[in-house]
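S.K.: So here's model_18.pdb, just PDB, C-alpha atoms:
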ATOM      1  CA  MET A   1      20.352 -67.079  16.462
ATOM      2  CA  LYS A   2      18.356 -65.394  13.705
ATOM      3  CA  TYR A   3      18.180 -61.626  13.509
ATOM      4  CA  LYS A   4      15.017 -60.012  12.227
ATOM      5  CA  LYS A   5      15.376 -57.184   9.767
ATOM      6  CA  GLY A   6      13.590 -53.955  10.705
ATOM      7  CA  PHE A   7      13.671 -50.955  12.967
ATOM      8  CA  THR A   8      13.462 -50.901  16.717
ATOM      9  CA  LEU A   9      10.707 -49.041  18.503
ATOM     10  CA  ILE A  10      13.133 -46.385  19.737
ATOM     11  CA  GLU A  11      14.412 -45.698  16.228
ATOM     12  CA  LEU A  12      10.869 -45.244  14.982
ATOM     13  CA  LEU A  13      10.000 -42.902  17.859
ATOM     14  CA  VAL A  14      13.100 -40.788  17.213
ATOM     15  CA  VAL A  15      12.172 -40.435  13.532
ATOM     16  CA  ILE A  16       8.584 -39.479  14.409
ATOM     17  CA  ALA A  17       9.826 -36.884  16.903
ATOM     18  CA  ILE A  18      12.154 -35.329  14.308
ATOM     19  CA  ILE A  19       9.353 -35.172  11.746
ATOM     20  CA  GLY A  20       7.097 -33.523  14.338
ATOM     21  CA  ILE A  21       9.670 -30.861  15.157
ATOM     22  CA  LEU A  22      10.312 -30.092  11.484
ATOM     23  CA  SER A  23       6.604 -29.838  10.702
ATOM     24  CA  ALA A  24       6.087 -27.418  13.615
ATOM     25  CA  ILE A  25       8.819 -25.176  12.221
ATOM     26  CA  VAL A  26       7.297 -25.249   8.734
ATOM     27  CA  LEU A  27       3.807 -24.451  10.041
ATOM     28  CA  ALA A  28       5.111 -21.463  11.996
ATOM     29  CA  SER A  29       6.760 -20.132   8.837
ATOM     30  CA  LEU A  30       3.555 -20.610   6.858
ATOM     31  CA  ASN A  31       1.533 -18.601   9.376
ATOM     32  CA  THR A  32       3.959 -15.692   9.097
ATOM     33  CA  ALA A  33       3.829 -15.840   5.302
ATOM     34  CA  ARG A  34       0.020 -15.951   5.378
ATOM     35  CA  ALA A  35      -0.120 -12.838   7.585
ATOM     36  CA  LYS A  36       2.311 -10.979   5.314
ATOM     37  CA  GLY A  37       0.108 -11.937   2.379
ATOM     38  CA  ALA A  38      -2.890 -10.458   4.187
ATOM     39  CA  ASN A  39      -0.940  -7.217   4.700
ATOM     40  CA  ALA A  40      -0.192  -7.153   0.964
ATOM     41  CA  ALA A  41      -3.909  -7.585   0.244
ATOM     42  CA  VAL A  42      -4.752  -4.615   2.498
ATOM     43  CA  LYS A  43      -2.206  -2.440   0.682
ATOM     44  CA  SER A  44      -3.394  -3.544  -2.746
ATOM     45  CA  ASN A  45      -7.042  -2.856  -1.977
ATOM     46  CA  LEU A  46      -6.222   0.593  -0.635
ATOM     47  CA  GLN A  47      -4.168   1.327  -3.753
ATOM     48  CA  GLY A  48      -7.341   0.647  -5.745
ATOM     49  CA  VAL A  49      -9.141   3.227  -3.585
ATOM     50  CA  ARG A  50      -6.603   5.864  -4.616
ATOM     51  CA  GLN A  51      -7.172   5.163  -8.296
ATOM     52  CA  GLN A  52     -10.960   5.284  -7.950
ATOM     53  CA  ALA A  53     -10.756   8.517  -5.937
ATOM     54  CA  GLU A  54      -8.855  10.218  -8.747
ATOM     55  CA  ILE A  55     -11.494   9.098 -11.249
ATOM     56  CA  LEU A  56     -14.176  10.594  -8.994
ATOM     57  CA  TYR A  57     -12.184  13.826  -8.683
ATOM     58  CA  ASP A  58     -11.873  14.107 -12.466
ATOM     59  CA  ASN A  59     -15.668  13.856 -12.761
ATOM     60  CA  ALA A  60     -16.722  16.131  -9.864
ATOM     61  CA  LEU A  61     -13.610  18.311  -9.283
ATOM     62  CA  ASN A  62     -13.772  17.503  -5.554
ATOM     63  CA  TYR A  63     -13.323  14.538  -3.211
ATOM     64  CA  SER A  64     -16.553  14.940  -1.229
ATOM     65  CA  ASN A  65     -18.133  11.640  -2.337
ATOM     66  CA  VAL A  66     -15.068   9.387  -2.285
ATOM     67  CA  CYS A  67     -16.119   7.452   0.823
ATOM     68  CA  ALA A  68     -19.672   7.010  -0.515
ATOM     69  CA  ASP A  69     -18.643   5.560  -3.882
ATOM     70  CA  PRO A  70     -19.608   1.852  -4.229
ATOM     71  CA  THR A  71     -16.243   0.896  -5.765
ATOM     72  CA  VAL A  72     -14.378   2.576  -2.905
ATOM     73  CA  ILE A  73     -16.679   0.965  -0.343
ATOM     74  CA  ASN A  74     -16.034  -2.493  -1.847
ATOM     75  CA  ALA A  75     -12.259  -1.967  -1.887
ATOM     76  CA  ILE A  76     -12.160  -0.741   1.718
ATOM     77  CA  ASN A  77     -14.407  -3.600   2.849
ATOM     78  CA  ALA A  78     -12.064  -6.055   1.098
ATOM     79  CA  ALA A  79      -9.084  -4.456   2.888
ATOM     80  CA  ILE A  80     -10.915  -4.613   6.221
ATOM     81  CA  THR A  81     -11.647  -8.306   5.678
ATOM     82  CA  ALA A  82      -8.068  -9.094   4.586
ATOM     83  CA  GLY A  83      -6.611  -7.356   7.626
ATOM     84  CA  GLY A  84      -9.049  -8.911  10.066
ATOM     85  CA  ASP A  85     -10.142  -5.439  11.188
ATOM     86  CA  THR A  86     -13.167  -6.691  13.143
ATOM     87  CA  GLY A  87     -15.781  -4.112  13.978
ATOM     88  CA  ALA A  88     -14.461  -1.631  11.409
ATOM     89  CA  THR A  89     -16.651  -0.102   8.709
ATOM     90  CA  VAL A  90     -16.008   2.168   5.769
ATOM     91  CA  ALA A  91     -17.358   5.040   7.882
ATOM     92  CA  THR A  92     -14.634   4.453  10.498
ATOM     93  CA  ARG A  93     -11.841   3.890   7.948
ATOM     94  CA  CYS A  94     -12.469   6.555   5.278
ATOM     95  CA  ASN A  95     -12.781  10.352   5.558
ATOM     96  CA  SER A  96     -13.404  12.786   2.728
ATOM     97  CA  SER A  97     -14.020  16.484   2.217
ATOM     98  CA  ASN A  98     -14.142  18.683  -0.885
ATOM     99  CA  ALA A  99     -10.371  19.182  -0.808
ATOM    100  CA  ALA A 100      -8.985  15.861   0.441
ATOM    101  CA  TRP A 101      -9.640  12.258   1.452
ATOM    102  CA  ALA A 102      -7.832   9.540   3.396
ATOM    103  CA  ALA A 103      -8.424   5.910   4.300
ATOM    104  CA  ASN A 104      -6.597   3.541   6.626
ATOM    105  CA  VAL A 105      -7.110  -0.088   7.597
ATOM    106  CA  LEU A 106      -5.620  -2.268  10.299
ATOM    107  CA  LEU A 107      -2.837  -4.553   9.090
ATOM    108  CA  LYS A 108      -3.006  -8.279   9.874
ATOM    109  CA  ILE A 109       0.377  -8.115  11.627
ATOM    110  CA  PRO A 110       2.160  -4.878  12.600
ATOM    111  CA  GLU A 111       5.073  -3.762  10.458
ATOM    112  CA  GLY A 112       7.452  -2.360  13.032
ATOM    113  CA  THR A 113       5.496   0.252  14.966
ATOM    114  CA  ASN A 114       2.881   0.614  12.228
ATOM    115  CA  ASN A 115      -0.460  -1.075  12.873
ATOM    116  CA  TYR A 116      -2.403   0.594  10.031
ATOM    117  CA  TRP A 117      -1.877   1.209   6.319
ATOM    118  CA  CYS A 118      -2.956   4.657   5.121
ATOM    119  CA  VAL A 119      -3.530   6.192   1.662
ATOM    120  CA  ASP A 120      -4.681   9.719   0.923
ATOM    121  CA  SER A 121      -5.295  12.313  -1.772
ATOM    122  CA  SER A 122      -1.737  13.684  -1.551
ATOM    123  CA  SER A 123      -0.418  10.357  -2.942
ATOM    124  CA  GLN A 124       0.849   9.120   0.415
ATOM    125  CA  SER A 125       0.759   5.388   0.988
ATOM    126  CA  LYS A 126       2.407   4.395   4.238
ATOM    127  CA  GLY A 127       2.169   2.635   7.547
ATOM    128  CA  GLU A 128       0.889   4.461  10.603
ATOM    129  CA  PRO A 129       0.752   3.554  14.294
ATOM    130  CA  ASN A 130      -2.767   4.926  14.893
ATOM    131  CA  GLU A 131      -6.190   5.274  13.304
ATOM    132  CA  LEU A 132      -7.092   8.304  11.178
ATOM    133  CA  ALA A 133      -9.874   9.471  13.486
ATOM    134  CA  GLY A 134     -11.437  12.275  11.398
ATOM    135  CA  ALA A 135      -8.335  13.279   9.428
ATOM    136  CA  THR A 136      -8.314  13.576   5.640
ATOM    137  CA  ALA A 137      -4.550  13.057   5.349
ATOM    138  CA  CYS A 138      -2.086  10.445   6.498
ATOM    139  CA  VAL A 139       0.125  11.743   9.300
TER     140      VAL A 139
END
Step by step, read the file and then write its structure as structure tokens.

M.R.:
Amino acid sequence: MKYKKGFTLIELLVVIAIIGILSAIVLASLNTARAKGANAAVKSNLQGVRQQAEILYDNALNYSNVCADPTVINAINAAITAGGDTGATVATRCNSSNAAWAANVLLKIPEGTNNYWCVDSSSQSKGEPNELAGATACV
């Protein structure tokens, strides 16, 4: 009796099943990493808003036009896009007055109980559970 060299059908199916399980685990990890990367993009864009706001303050000695500045608008729009904050606009995410300003954007995935990332004129940069509403400072 001659034996043929090779794998049986069951052996091949077991290997395919193992590869499928491992690839599902890897894909789940990649999605989490991608969402954390989006959160980092939101934070980075809002950090740029803080720097631009201080430049505007140095020129005008007030914060009244922070949310109308094109550079700030572009940075907040980039943060909104990165976080997937559908339906949000700069008008709903940035508030400014003569004395203060604040901006917050929805994070892609919550960080604990914090759904939003907030920056303001008092140098705060932190997560918050709720929107700013009309506030000019992070809570």

S.K.: Which of these, A:Leu22, A:Asn45, A:Val72, A:Ser96, has the shortest distance to Ala133 of chain A once you count all atoms listed in the file?

M.R.: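 Closest candidate: A:Ser96.
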
S.K.: Pick the closest to Asp85 of chain A from A:Thr8, A:Asn39, A:Gln47, A:Thr32: which is it, counting all atoms listed in the file?

M.R.: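 For Asp85 of chain A, the nearest of the given residues is A:Asn39.
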
S.K.: With the PyMOL selection byres ((chain A and resi 107) around 9) as the selection, what would be picked from this file? Answer as an MDAnalysis selection string, please.

M.R.: chainID A and resid 35 38:40 42:43 79:80 82:85 105:106 108:111 114:117 127

S.K.: Hey, which of A:Thr86, A:Ile76, A:Asn98, A:Leu30 ends up closest to Ala60 of chain A? Count only C-alpha atoms.

M.R.: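 Residue with the minimum atom-to-atom distance to Ala60 of chain A: A:Asn98.
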
S.K.: Need the shell around Leu56 of chain A: protein/DNA/RNA residues with any atom at most 9 Å away, counting only C-alpha atoms. Skip same-chain ones fewer than 4 positions apart. Format as a list in words?

M.R.: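 Result of the neighbour search: Gln51, Gln52, Ala60, Leu61, Asn62, Tyr63, Asn65, Val66 and Asp69 of chain A.
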
S.K.: Since the input has fewer atoms than a full residue there, write segment 86-107 of chain A out with N, CA and C atoms, as an mmCIF file, in the coordinates of the input.

M.R.:
data_model
loop_
_atom_site.group_PDB
_atom_site.id
_atom_site.type_symbol
_atom_site.label_atom_id
_atom_site.label_comp_id
_atom_site.auth_asym_id
_atom_site.auth_seq_id
_atom_site.Cartn_x
_atom_site.Cartn_y
_atom_site.Cartn_z
ATOM 1 N N THR A 86 -11.815 -6.421 12.661
ATOM 2 C CA THR A 86 -13.167 -6.691 13.143
ATOM 3 C C THR A 86 -13.801 -5.455 13.760
ATOM 4 N N GLY A 87 -15.054 -5.248 13.447
ATOM 5 C CA GLY A 87 -15.781 -4.112 13.978
ATOM 6 C C GLY A 87 -15.609 -2.837 13.178
ATOM 7 N N ALA A 88 -14.692 -2.828 12.213
ATOM 8 C CA ALA A 88 -14.461 -1.631 11.409
ATOM 9 C C ALA A 88 -15.482 -1.558 10.278
ATOM 10 N N THR A 89 -15.785 -0.338 9.857
ATOM 11 C CA THR A 89 -16.651 -0.102 8.709
ATOM 12 C C THR A 89 -15.985 0.941 7.833
ATOM 13 N N VAL A 90 -16.548 1.136 6.652
ATOM 14 C CA VAL A 90 -16.008 2.168 5.769
ATOM 15 C C VAL A 90 -16.112 3.530 6.457
ATOM 16 N N ALA A 91 -17.179 3.756 7.191
ATOM 17 C CA ALA A 91 -17.358 5.040 7.882
ATOM 18 C C ALA A 91 -16.252 5.304 8.910
ATOM 19 N N THR A 92 -15.703 4.254 9.507
ATOM 20 C CA THR A 92 -14.634 4.453 10.498
ATOM 21 C C THR A 92 -13.245 4.409 9.873
ATOM 22 N N ARG A 93 -13.145 4.033 8.603
ATOM 23 C CA ARG A 93 -11.841 3.890 7.948
ATOM 24 C C ARG A 93 -11.611 4.841 6.789
ATOM 25 N N CYS A 94 -12.610 5.654 6.420
ATOM 26 C CA CYS A 94 -12.469 6.555 5.278
ATOM 27 C C CYS A 94 -13.062 7.920 5.631
ATOM 28 N N ASN A 95 -12.326 8.981 5.330
ATOM 29 C CA ASN A 95 -12.781 10.352 5.558
ATOM 30 C C ASN A 95 -12.572 11.143 4.277
ATOM 31 N N SER A 96 -13.565 11.956 3.916
ATOM 32 C CA SER A 96 -13.404 12.786 2.728
ATOM 33 C C SER A 96 -14.051 14.146 2.925
ATOM 34 N N SER A 97 -13.479 15.127 2.251
ATOM 35 C CA SER A 97 -14.020 16.484 2.217
ATOM 36 C C SER A 97 -13.902 16.944 0.767
ATOM 37 N N ASN A 98 -14.276 18.183 0.485
ATOM 38 C CA ASN A 98 -14.142 18.683 -0.885
ATOM 39 C C ASN A 98 -12.691 18.681 -1.348
ATOM 40 N N ALA A 99 -11.771 18.987 -0.432
ATOM 41 C CA ALA A 99 -10.371 19.182 -0.808
ATOM 42 C C ALA A 99 -9.487 17.950 -0.650
ATOM 43 N N ALA A 100 -9.889 16.986 0.170
ATOM 44 C CA ALA A 100 -8.985 15.861 0.441
ATOM 45 C C ALA A 100 -9.762 14.643 0.922
ATOM 46 N N TRP A 101 -9.079 13.502 0.912
ATOM 47 C CA TRP A 101 -9.640 12.258 1.452
ATOM 48 C C TRP A 101 -8.490 11.422 1.997
ATOM 49 N N ALA A 102 -8.815 10.496 2.876
ATOM 50 C CA ALA A 102 -7.832 9.540 3.396
ATOM 51 C C ALA A 102 -8.567 8.301 3.877
ATOM 52 N N ALA A 103 -7.871 7.170 3.798
ATOM 53 C CA ALA A 103 -8.424 5.910 4.300
ATOM 54 C C ALA A 103 -7.292 5.125 4.943
ATOM 55 N N ASN A 104 -7.590 4.450 6.050
ATOM 56 C CA ASN A 104 -6.597 3.541 6.626
ATOM 57 C C ASN A 104 -7.296 2.315 7.192
ATOM 58 N N VAL A 105 -6.572 1.205 7.156
ATOM 59 C CA VAL A 105 -7.110 -0.088 7.597
ATOM 60 C C VAL A 105 -6.047 -0.787 8.431
ATOM 61 N N LEU A 106 -6.510 -1.504 9.432
ATOM 62 C CA LEU A 106 -5.620 -2.268 10.299
ATOM 63 C C LEU A 106 -4.913 -3.367 9.516
ATOM 64 N N LEU A 107 -3.607 -3.477 9.709
ATOM 65 C CA LEU A 107 -2.837 -4.553 9.090
ATOM 66 C C LEU A 107 -3.024 -5.846 9.875
#
